[in-house]
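Structure file query-v8.cif (mmCIF, C-alpha atoms (C1' of nucleotides)) follows.
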data_upload
loop_
_atom_site.label_atom_id
_atom_site.label_comp_id
_atom_site.auth_asym_id
_atom_site.auth_seq_id
_atom_site.Cartn_x
_atom_site.Cartn_y
_atom_site.Cartn_z
CA MET A 125 49.06 3.66 121.55
CA GLY A 126 47.64 1.30 119.05
CA THR A 127 49.37 0.95 115.76
CA LYS A 128 46.41 -0.33 113.95
CA ALA A 129 45.24 1.42 110.88
CA PHE A 130 41.96 3.19 110.81
CA ASN A 131 39.69 3.25 107.85
CA SER A 132 42.15 5.39 106.05
CA LYS A 133 41.54 6.23 102.49
CA VAL A 134 44.29 4.96 100.32
CA LEU A 135 45.77 7.34 97.89
CA LYS A 136 45.23 6.36 94.33
CA GLU A 137 48.31 5.06 92.59
CA GLU A 138 48.59 8.03 90.34
CA SER A 139 48.41 10.38 93.26
CA ARG A 140 51.55 9.07 94.77
CA PRO A 141 54.62 11.07 93.89
CA SER A 142 56.38 9.25 91.13
CA ILE A 143 60.10 9.17 90.69
CA VAL A 144 59.82 11.71 87.93
CA GLN A 145 57.90 14.02 90.19
CA ARG A 146 60.46 13.61 92.91
CA MET A 147 63.24 14.60 90.59
CA GLU A 148 61.22 17.54 89.49
CA ASN A 149 60.80 18.51 93.08
CA GLN A 150 64.48 18.32 93.69
CA GLU A 151 65.08 20.62 90.82
CA ARG A 152 62.55 23.05 92.11
CA GLN A 153 64.11 22.80 95.50
CA LYS A 154 67.48 23.67 94.01
CA LYS A 155 66.04 26.57 92.12
CA PHE A 156 64.36 27.69 95.24
CA GLU A 157 67.51 27.62 97.30
CA GLN A 158 69.31 29.55 94.64
CA LYS A 159 66.65 32.20 94.63
CA GLN A 160 66.74 32.30 98.38
CA LYS A 161 70.43 33.00 98.37
CA GLU A 162 69.95 35.82 95.91
CA VAL A 163 67.32 37.43 98.05
CA GLU A 164 69.39 37.18 101.18
CA LYS A 165 72.32 38.70 99.37
CA GLU A 166 70.09 41.54 98.26
CA ILE A 167 68.92 42.09 101.78
CA ARG A 168 72.43 42.14 103.17
CA GLN A 169 73.34 44.68 100.56
CA GLU A 170 70.48 46.90 101.65
CA GLN A 171 71.47 46.53 105.26
CA ARG A 172 74.93 47.77 104.44
CA GLU A 173 73.56 50.72 102.54
CA ALA A 174 71.40 51.59 105.48
CA LEU A 175 74.38 51.44 107.79
CA LYS A 176 76.33 53.73 105.52
CA GLN A 177 73.59 56.28 105.76
CA GLY A 178 73.58 55.95 109.49
CA ILE A 179 70.18 54.34 109.56
CA ARG A 180 69.56 51.38 111.78
CA PRO A 181 69.20 48.39 109.48
CA LYS A 182 65.66 47.24 109.17
CA PHE A 183 64.71 43.94 110.65
CA VAL A 184 63.80 41.52 107.89
CA THR A 185 61.63 38.62 108.78
CA ASN A 186 61.49 35.30 107.05
CA LYS A 187 58.13 36.32 105.82
CA GLU A 188 59.49 39.37 104.10
CA LYS A 189 62.13 37.27 102.50
CA SER A 190 59.49 34.91 101.30
CA LEU A 191 57.49 37.81 99.95
CA ARG A 192 60.37 38.95 97.86
CA MET A 193 60.52 35.53 96.39
CA ALA A 194 56.84 35.62 95.64
CA GLU A 195 57.26 35.46 91.93
CA ASP A 196 58.75 32.07 92.49
CA GLU A 197 56.01 29.51 92.44
CA TRP A 198 57.12 28.07 95.69
CA ALA A 199 57.90 31.02 97.81
CA LEU A 200 58.48 28.89 100.80
CA ILE A 201 61.31 28.95 103.20
CA PRO A 202 62.52 25.49 104.11
CA ASP A 203 62.44 24.58 107.75
CA GLN A 204 59.81 27.04 108.69
CA HIS A 205 57.04 24.50 108.94
CA GLN A 206 58.37 22.55 111.84
CA ARG A 207 55.27 22.44 113.96
CA THR A 208 52.16 20.40 113.54
CA ILE A 209 48.98 21.88 114.98
CA VAL A 210 45.52 20.46 115.24
CA HIS A 211 42.51 22.66 115.78
CA ILE A 212 39.53 20.81 117.18
CA ASP A 213 36.11 22.31 116.84
CA VAL A 214 33.07 20.62 118.34
CA ASP A 215 30.02 20.44 116.10
CA CYS A 216 27.16 22.56 117.41
CA PHE A 217 28.47 22.08 120.90
CA TYR A 218 25.52 22.89 123.14
CA ALA A 219 23.09 20.97 120.97
CA GLN A 220 25.30 17.91 120.98
CA VAL A 221 25.64 17.96 124.72
CA GLU A 222 21.90 18.03 125.10
CA MET A 223 21.54 15.21 122.61
CA VAL A 224 23.98 13.08 124.52
CA ARG A 225 22.19 13.80 127.76
CA ASP A 226 18.84 13.04 126.19
CA PRO A 227 19.21 10.77 123.17
CA SER A 228 15.53 11.12 122.35
CA LEU A 229 16.42 14.57 121.05
CA ARG A 230 18.74 13.13 118.43
CA ASP A 231 16.35 12.87 115.56
CA LYS A 232 14.39 15.98 116.40
CA PRO A 233 15.13 19.49 115.27
CA LEU A 234 16.69 21.04 118.33
CA GLY A 235 17.46 24.57 119.32
CA ILE A 236 19.35 25.76 122.36
CA LYS A 237 18.01 29.01 123.73
CA GLN A 238 19.36 31.66 125.97
CA LYS A 239 16.79 34.35 126.66
CA ASN A 240 15.30 35.40 123.36
CA LEU A 241 18.09 34.00 121.34
CA MET A 242 18.59 30.56 119.92
CA VAL A 243 22.34 30.33 120.30
CA THR A 244 22.76 27.14 118.35
CA SER A 245 20.81 24.34 116.71
CA ASN A 246 21.48 20.76 115.81
CA TYR A 247 21.98 19.56 112.28
CA VAL A 248 18.49 18.16 111.97
CA ALA A 249 17.17 21.65 112.49
CA ARG A 250 19.73 23.12 110.17
CA SER A 251 18.79 20.76 107.41
CA MET A 252 15.30 22.19 107.71
CA GLY A 253 16.37 25.72 107.09
CA VAL A 254 17.08 26.87 110.61
CA LYS A 255 20.23 28.86 110.95
CA LYS A 256 22.94 28.41 113.50
CA SER A 257 21.82 31.33 115.59
CA MET A 258 18.58 33.24 115.26
CA TRP A 259 15.97 35.02 117.25
CA ILE A 260 13.59 32.49 118.67
CA LYS A 261 10.58 34.07 117.07
CA ASP A 262 12.21 33.82 113.65
CA ALA A 263 13.27 30.22 114.23
CA VAL A 264 9.75 29.20 115.20
CA LYS A 265 8.41 30.86 112.11
CA ILE A 266 10.58 28.63 109.99
CA LEU A 267 10.06 25.49 111.99
CA PRO A 268 7.06 25.46 114.35
CA ASN A 269 7.90 22.06 115.79
CA LEU A 270 11.42 23.05 116.72
CA VAL A 271 12.27 21.65 120.13
CA PHE A 272 13.95 24.01 122.56
CA VAL A 273 16.21 23.29 125.48
CA ASP A 274 17.26 26.09 127.74
CA GLY A 275 21.00 26.50 127.68
CA SER A 276 21.56 29.27 130.14
CA ASP A 277 23.02 26.93 132.72
CA LEU A 278 26.51 26.25 131.50
CA THR A 279 27.63 23.67 134.03
CA HIS A 280 27.03 20.66 131.85
CA TYR A 281 28.68 22.33 128.94
CA ARG A 282 31.66 23.10 131.10
CA GLN A 283 31.90 19.49 132.17
CA PHE A 284 31.81 18.16 128.64
CA SER A 285 34.24 20.83 127.58
CA THR A 286 36.87 19.89 130.12
CA GLU A 287 36.37 16.23 129.33
CA ILE A 288 37.03 16.92 125.68
CA SER A 289 40.14 18.88 126.48
CA ALA A 290 41.22 16.10 128.81
CA VAL A 291 41.14 13.64 125.96
CA ALA A 292 43.39 15.88 123.93
CA GLN A 293 45.61 16.33 126.95
CA SER A 294 45.99 12.60 127.22
CA PHE A 295 47.90 12.78 123.95
CA THR A 296 50.01 15.80 124.80
CA PRO A 297 49.97 18.50 127.45
CA ASN A 298 50.21 21.17 124.79
CA VAL A 299 46.54 21.97 124.59
CA GLU A 300 45.05 25.43 124.45
CA ARG A 301 41.38 25.91 125.05
CA LEU A 302 39.49 28.57 123.17
CA GLY A 303 36.08 29.04 124.63
CA LEU A 304 34.24 25.89 125.53
CA ASP A 305 34.21 24.14 122.21
CA GLU A 306 37.57 24.68 120.59
CA ASN A 307 41.01 23.35 121.30
CA TYR A 308 44.39 23.88 119.76
CA VAL A 309 46.64 20.88 120.11
CA ASP A 310 50.34 21.17 119.31
CA ILE A 311 51.29 17.65 118.34
CA THR A 312 54.78 18.49 117.14
CA ASP A 313 56.35 16.40 119.87
CA ILE A 314 54.38 13.26 119.17
CA VAL A 315 53.69 13.40 115.48
CA GLY A 316 56.94 11.65 114.74
CA ASP A 317 55.47 8.44 116.09
CA TYR A 318 52.99 8.44 113.27
CA ILE A 319 55.35 8.94 110.41
CA SER A 320 55.48 5.51 108.85
CA PRO A 321 54.44 3.75 105.68
CA GLU A 322 51.36 2.65 107.53
CA TYR A 323 50.25 6.23 107.82
CA SER A 324 51.42 7.45 104.46
CA ALA A 325 47.89 8.05 103.17
CA ILE A 326 46.16 11.19 104.26
CA GLU A 327 43.30 10.79 106.66
CA GLY A 328 40.24 12.87 105.89
CA HIS A 329 40.15 15.78 103.49
CA VAL A 330 42.88 17.84 101.99
CA PHE A 331 42.01 21.49 101.66
CA GLY A 332 40.67 22.14 98.20
CA ASP A 333 40.13 18.56 97.22
CA LYS A 334 36.95 17.65 95.49
CA GLU A 335 36.24 14.41 97.28
CA GLU A 336 36.76 12.33 94.15
CA ASP A 337 39.76 13.65 92.36
CA ARG A 338 42.07 14.67 95.08
CA LYS A 339 44.88 16.46 93.45
CA VAL A 340 48.07 16.56 95.40
CA LEU A 341 50.85 15.69 95.97
CA GLY A 342 54.44 15.69 95.34
CA ASP A 343 56.51 17.38 97.95
CA PRO A 344 57.00 20.97 96.90
CA CYS A 345 58.56 21.92 100.18
CA GLY A 346 60.81 19.14 101.22
CA CYS A 347 61.21 20.22 104.82
CA GLY A 348 59.26 17.26 106.06
CA CYS A 349 55.98 19.05 106.57
CA LEU A 350 54.27 16.79 104.08
CA GLN A 351 55.07 13.77 106.20
CA ARG A 352 54.35 15.50 109.50
CA LEU A 353 51.02 16.85 108.42
CA THR A 354 50.04 13.54 106.89
CA ALA A 355 50.87 11.84 110.13
CA GLY A 356 49.09 14.65 111.92
CA SER A 357 45.93 13.84 110.04
CA HIS A 358 46.00 10.38 111.56
CA LEU A 359 46.62 11.73 115.00
CA ALA A 360 43.76 14.14 114.56
CA LYS A 361 41.52 11.29 113.55
CA LYS A 362 42.61 9.37 116.58
CA ILE A 363 41.93 12.25 118.91
CA ARG A 364 38.50 12.72 117.43
CA GLN A 365 37.71 9.05 117.78
CA GLN A 366 38.84 9.10 121.37
CA ILE A 367 36.67 12.10 122.08
CA LEU A 368 33.73 10.34 120.53
CA GLU A 369 34.33 7.20 122.53
CA THR A 370 34.69 8.87 125.87
CA THR A 371 32.15 11.65 125.55
CA GLY A 372 29.83 10.75 122.69
CA ILE A 373 30.62 14.06 121.05
CA THR A 374 31.67 14.52 117.45
CA CYS A 375 33.90 17.28 116.24
CA CYS A 376 35.83 18.61 113.29
CA ALA A 377 39.55 19.08 113.07
CA GLY A 378 41.97 21.10 111.02
CA VAL A 379 45.60 20.14 110.65
CA ALA A 380 48.24 22.63 109.63
CA HIS A 381 51.67 23.93 110.52
CA ASN A 382 50.27 26.89 112.41
CA LYS A 383 47.26 27.86 114.45
CA LEU A 384 45.79 30.25 111.92
CA LEU A 385 45.54 27.76 109.09
CA ALA A 386 44.50 24.92 111.34
CA LYS A 387 41.61 26.96 112.59
CA LEU A 388 40.58 28.34 109.24
CA VAL A 389 40.51 24.92 107.73
CA SER A 390 38.91 22.93 110.50
CA GLY A 391 35.43 24.00 109.58
CA TYR A 392 35.86 23.51 105.90
CA TYR A 393 34.09 20.17 105.87
CA LYS A 394 31.37 19.81 108.46
CA PRO A 395 30.24 18.13 110.56
CA ASN A 396 32.37 15.37 112.02
CA GLN A 397 35.10 15.63 109.40
CA GLN A 398 38.61 16.86 109.21
CA THR A 399 40.84 18.72 106.82
CA VAL A 400 44.56 19.10 106.42
CA VAL A 401 46.21 22.00 104.67
CA PHE A 402 49.78 22.20 103.49
CA PRO A 403 51.99 25.24 103.69
CA TRP A 404 52.00 25.76 99.94
CA GLN A 405 48.23 26.07 100.06
CA ALA A 406 48.27 28.95 102.49
CA HIS A 407 47.51 31.47 99.78
CA ASP A 408 44.52 29.50 98.58
CA VAL A 409 43.14 29.33 102.07
CA MET A 410 43.51 33.04 102.58
CA GLU A 411 42.02 33.84 99.22
CA SER A 412 39.00 31.77 100.09
CA LEU A 413 38.17 34.45 102.63
CA LYS A 414 36.89 37.66 101.27
CA GLN A 415 36.83 40.07 104.15
CA ALA A 416 39.95 40.58 106.20
CA ARG A 417 37.61 40.67 109.17
CA SER A 418 37.20 36.92 108.91
CA ILE A 419 40.84 36.36 109.75
CA PRO A 420 41.08 35.27 113.36
CA GLY A 421 43.02 37.95 115.15
CA ILE A 422 41.51 40.79 113.19
CA GLY A 423 38.63 41.98 115.32
CA SER A 424 36.09 44.68 114.81
CA THR A 425 38.23 47.58 115.89
CA THR A 426 41.24 46.58 113.88
CA PHE A 427 39.03 46.02 110.91
CA LYS A 428 37.49 49.46 111.20
CA ILE A 429 40.89 51.02 111.14
CA LEU A 430 41.79 48.94 108.14
CA GLU A 431 38.67 50.13 106.39
CA ASP A 432 39.75 53.67 107.09
CA LEU A 433 42.85 52.83 105.12
CA ASN A 434 40.71 51.44 102.31
CA ILE A 435 41.72 47.94 103.16
CA SER A 436 38.93 45.47 103.58
CA THR A 437 39.71 42.33 101.63
CA VAL A 438 42.43 39.89 102.42
CA GLN A 439 44.07 40.68 99.13
CA GLU A 440 44.10 44.37 99.85
CA LEU A 441 45.74 43.65 103.14
CA GLN A 442 48.31 41.49 101.43
CA ASN A 443 49.11 44.28 99.04
CA ALA A 444 49.13 47.04 101.60
CA SER A 445 52.55 48.40 102.32
CA LEU A 446 53.99 48.19 105.77
CA SER A 447 54.40 51.93 105.78
CA THR A 448 50.72 52.45 105.09
CA LEU A 449 49.77 50.19 107.92
CA HIS A 450 52.33 51.87 110.09
CA THR A 451 50.41 55.12 109.92
CA ARG A 452 47.74 53.63 112.14
CA PHE A 453 49.37 50.64 113.81
CA ASP A 454 52.67 50.15 115.52
CA GLU A 455 55.31 48.25 113.69
CA GLU A 456 54.75 44.95 115.38
CA THR A 457 51.06 44.99 114.61
CA SER A 458 51.61 46.05 111.05
CA LYS A 459 53.84 43.09 110.48
CA ARG A 460 51.48 40.85 112.33
CA LEU A 461 48.60 41.94 110.13
CA LYS A 462 50.50 41.30 106.95
CA ASP A 463 51.61 37.96 108.29
CA LEU A 464 48.05 37.00 108.97
CA SER A 465 46.94 37.96 105.51
CA TYR A 466 49.45 35.53 104.08
CA GLY A 467 48.51 32.74 106.43
CA ILE A 468 51.68 33.19 108.43
CA ASP A 469 51.28 32.80 112.14
CA GLU A 470 54.02 32.10 114.60
CA GLY A 471 51.72 32.19 117.58
CA LEU A 472 52.35 29.37 119.98
CA VAL A 473 49.86 26.98 121.44
CA ARG A 474 49.76 27.96 125.08
CA LYS A 475 48.84 25.35 127.58
CA SER A 476 45.55 26.32 129.03
CA GLY A 477 45.46 26.27 132.77
CA LYS A 478 44.20 22.90 133.59
CA PRO A 479 44.08 23.57 137.32
CA GLN A 480 46.72 20.88 137.87
CA SER A 481 46.70 21.41 141.63
CA ILE A 482 48.71 24.58 141.56
CA GLY A 483 47.28 27.36 143.59
CA LEU A 484 45.87 25.38 146.46
CA GLU A 485 47.51 27.76 148.88
CA ASP A 486 46.18 30.73 147.02
CA ALA A 487 42.76 29.18 147.19
CA PHE A 488 42.97 28.93 150.95
CA LYS A 489 44.31 32.40 151.33
CA LYS A 490 41.48 33.81 149.37
CA THR A 491 38.71 31.84 150.96
CA SER A 492 38.33 34.50 153.59
CA LYS A 493 37.36 37.17 151.15
CA GLN A 494 35.73 34.79 148.73
CA LYS A 495 32.87 36.27 146.89
CA SER A 496 30.44 33.40 147.01
CA TRP A 497 32.09 31.30 144.39
CA ASP A 498 30.63 27.95 145.19
CA LEU A 499 33.60 25.67 145.28
CA THR A 500 31.28 22.88 146.23
CA SER A 501 29.55 22.59 142.92
CA GLN A 502 32.58 21.16 141.18
CA THR A 503 32.50 17.43 141.05
CA HIS A 504 36.10 16.40 141.25
CA GLN A 505 39.06 18.51 142.25
CA PRO A 506 38.14 20.32 145.44
CA ALA A 507 39.33 23.85 145.11
CA LYS A 508 39.78 24.54 141.49
CA GLY A 509 37.31 27.31 140.92
CA ARG A 510 38.74 30.23 139.12
CA LEU A 511 42.16 30.98 140.40
CA LYS A 512 44.05 33.49 138.46
CA GLN A 513 46.72 31.15 137.31
CA LYS A 514 49.41 33.57 138.06
CA VAL A 515 52.02 30.91 138.53
CA LYS A 516 51.77 29.33 135.16
CA GLU A 517 55.25 28.39 134.12
CA ARG A 518 55.95 31.17 131.69
CA LYS A 519 57.50 28.65 129.37
CA PRO A 520 56.05 29.63 126.03
CA GLN A 521 58.42 32.39 125.07
CA ARG A 522 56.85 35.24 123.25
CA LEU A 523 58.46 35.56 119.94
CA LYS A 524 61.40 37.80 120.23
CA PRO A 525 62.39 39.34 116.95
CA LYS A 526 65.91 39.89 118.17
CA ALA A 527 66.49 36.18 118.13
CA LEU A 528 66.03 36.20 114.41
CA LEU A 529 68.17 39.21 113.85
CA ASN A 530 71.38 37.45 113.08
CA LEU A 531 71.70 37.95 109.38
CA MET A 532 75.33 37.22 108.87
"C1'" DT B 896 23.81 39.68 120.96
"C1'" DG B 897 26.15 39.10 126.00
"C1'" DG B 898 28.74 36.81 129.43
"C1'" DG B 899 33.04 34.80 130.27
"C1'" DG B 900 37.61 33.78 129.06
"C1'" DT B 901 42.70 35.24 128.04
"C1'" DC B 902 46.27 38.08 126.79
"C1'" DC B 903 48.66 42.65 126.50
"C1'" DT B 904 49.61 47.59 128.09
"C1'" DA C 144 41.95 48.65 135.09
"C1'" DG C 145 40.90 48.79 130.38
"C1'" DG C 146 41.11 47.22 125.65
"C1'" DA C 147 40.99 43.82 122.12
"C1'" DC C 148 40.32 39.42 120.85
"C1'" DC C 149 37.85 34.87 120.89
"C1'" DC C 150 33.49 31.76 121.32
#
Exercise: express the given structure as structure tokens:
Amino acid sequence: MGTKAFNSKVLKEESRPSIVQRMENQERQKKFEQKQKEVEKEIRQEQREALKQGIRPKFVTNKEKSLRMAEDEWALIPDQHQRTIVHIDVDCFYAQVEMVRDPSLRDKPLGIKQKNLMVTSNYVARSMGVKKSMWIKDAVKILPNLVFVDGSDLTHYRQFSTEISAVAQSFTPNVERLGLDENYVDITDIVGDYISPEYSAIEGHVFGDKEEDRKVLGDPCGCGCLQRLTAGSHLAKKIRQQILETTGITCCAGVAHNKLLAKLVSGYYKPNQQTVVFPWQAHDVMESLKQARSIPGIGSTTFKILEDLNISTVQELQNASLSTLHTRFDEETSKRLKDLSYGIDEGLVRKSGKPQSIGLEDAFKKTSKQKSWDLTSQTHQPAKGRLKQKVKERKPQRLKPKALLNLM
DNA sequence: TGGGGTCCT
DNA sequence: AGGACCC
């Protein structure tokens, strides 16, 4: 891969961590570690008490530890930000595809319709007051000369979508597709190649920066996430450029140490921009959401139950006790919900089944009772249709709490 | 607002 | 198979 620099913004002198700041950080780091030891001691004490009373000691996650340290300004546990995740989100996907297929649409206000609904619109239309998705009659009212393309045939969108994922996959196989227009890319394995003085400036936005005066930085954590995420911002830029070159499609990206934050932040500056968020900003990100419903992973049914418990904002969820949640959710989910509200997400990026030539046999077996899936319509890759990818190396281990249980 | 996807039970 | 989540 090329080592040439992109048009990276250079951090202003005064933004670079000075020696004084570094020393300050070290002190904070020391303080932090001290506090951490205290908390862990406390926890061990409680575990012993529990044992004495014949109760099975409660499992204490890193997150809970970090919660107990919350009064500390940097309630962060070192070495828990090891991954680097990029979330890629295509700008108004359907509209862009149509604009690439017919460039004359570029400068016109464009809407993509499916039945009575305009499912998306391009940015020209949006700049004229048309929303993302509206009833067609309403859209026409706002903008009579809105151009419509019918988007009920998804085949082109599918093609572009797999092409986009393929670009990401050319960097690393760890790509998870989410719908047609989103991809999670776990770049942990390759981000090290981009940690160098050449890439020491952050590419694109930092969450919360105001374009001009980007605050930052210093290294409040010290686990290396600052360097990894900075490098990740360059990789994200590179992936986006590659996508643009090979497909003509622009997209946004979010860079973070977990999927949740990467996704939440990827749309923060739109379109065709990218944003990185650091672990110590997790709270700010979560506070920028009002309703807990807008946390990915909290769907309508979960949210209804939460409302029953008088929990509807992110903050309320943060402050809810595990025992309250436990009245309506099982323990795992209760923890999961609290995790989410704090921007904590250990969910792994799961390789999406790129057909990768597994399942040929299955395909032949099933052809007899095939229900008119036209295998012929696919351009390359003969029999890739929709095989239940049962095989799927079950590599990505689900998180197993027991593994963390050693608290000696 | 609906069709298609994945994951979990 | 059904539920819950996502776009």
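With distances taken over only C-alpha atoms (C1' of nucleotides), A:Gly421 is the one residue among A:Pro395, A:Gly421, A:Pro403, A:Gly372 lying closest to chain C.
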Would you write out, as a tab-separated table, a table of all residues in chain C that have an atom no more than 9 Å from an atom of chain A, listing for each the closest atom pair and the distance in Å to one decimal, considering all atoms listed in the file and ordering rows by chain and rising residue number?
residue	atom	partner	partner_atom	distance
C:DA147	C1'	A:Gly423	CA	7.4
C:DC148	C1'	A:Gly423	CA	6.3
C:DC149	C1'	A:Leu302	CA	6.9
C:DC150	C1'	A:Gly303	CA	5.0
Expected selection from the PyMOL selection byres ((chain B) within 9 of (chain A)), given as a VMD selection string: chain B and resid 896 899 to 901
- request: Take CA of Tyr393 in chain A and CA of Glu300 in chain A and report the distance between them in Å, one decimal.
  value: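 One can read the CA of Tyr393 in chain A to CA of Glu300 in chain A distance as 22.2 Å.
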message: Give me the residues near Leu229 in chain A as a list in words, where near means some atom within 12 Å (using only C-alpha atoms (C1' of nucleotides)) and where sequence neighbours in that chain fewer than 5 positions away do not count.
response: Ala219, Gln220, Val221, Glu222, Met223, Val224, Leu234, Gly235, Ile236, Ser245, Asn246, Tyr247, Val248, Ala249, Leu270, Val271, Phe272 and Val273 of chain A
Can I get the selected residues back with C-alpha atoms, as a PDB file, in the frame of the given file?
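Output saved as part-v8.pdb:
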ATOM      1  CA  ALA A 219      23.090  20.970 120.970  1.00  0.00           C
ATOM      2  CA  GLN A 220      25.300  17.910 120.980  1.00  0.00           C
ATOM      3  CA  VAL A 221      25.640  17.960 124.720  1.00  0.00           C
ATOM      4  CA  GLU A 222      21.900  18.030 125.100  1.00  0.00           C
ATOM      5  CA  MET A 223      21.540  15.210 122.610  1.00  0.00           C
ATOM      6  CA  VAL A 224      23.980  13.080 124.520  1.00  0.00           C
ATOM      7  CA  LEU A 234      16.690  21.040 118.330  1.00  0.00           C
ATOM      8  CA  GLY A 235      17.460  24.570 119.320  1.00  0.00           C
ATOM      9  CA  ILE A 236      19.350  25.760 122.360  1.00  0.00           C
ATOM     10  CA  SER A 245      20.810  24.340 116.710  1.00  0.00           C
ATOM     11  CA  ASN A 246      21.480  20.760 115.810  1.00  0.00           C
ATOM     12  CA  TYR A 247      21.980  19.560 112.280  1.00  0.00           C
ATOM     13  CA  VAL A 248      18.490  18.160 111.970  1.00  0.00           C
ATOM     14  CA  ALA A 249      17.170  21.650 112.490  1.00  0.00           C
ATOM     15  CA  LEU A 270      11.420  23.050 116.720  1.00  0.00           C
ATOM     16  CA  VAL A 271      12.270  21.650 120.130  1.00  0.00           C
ATOM     17  CA  PHE A 272      13.950  24.010 122.560  1.00  0.00           C
ATOM     18  CA  VAL A 273      16.210  23.290 125.480  1.00  0.00           C
TER      19      VAL A 273
END
All file atoms of chain C boxed axis-aligned, 6 Å per side, centre plus edges, as lines of an AutoDock Vina configuration file:
center_x = 37.7
center_y = 40.3
center_z = 128.0
size_x = 20.5
size_y = 29.0
size_z = 26.2
Show which residues sit within 8 Å of range 444-456 of chain A, as a PDB file with C-alpha atoms, in the coordinates of the input. Count all atoms listed in the file, and ignore same-chain residues fewer than 5 positions away.
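So the final result, stored in out30.pdb, reads:
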ATOM      1  CA  ILE A 429      40.890  51.020 111.140  1.00  0.00           C
ATOM      2  CA  LEU A 433      42.850  52.830 105.120  1.00  0.00           C
ATOM      3  CA  ILE A 435      41.720  47.940 103.160  1.00  0.00           C
ATOM      4  CA  LYS A 462      50.500  41.300 106.950  1.00  0.00           C
TER       5      LYS A 462
END
query: Residues around (51.0, 39.0, 100.9), cut-off 9 Å, counting only C-alpha atoms (C1' of nucleotides) - what are they as a list in words?
result: Leu191, Ala194, His407, Val438, Gln439, Glu440, Leu441, Gln442, Asn443, Ala444, Lys462, Asp463, Leu464, Ser465, Tyr466 and Gly467 of chain A
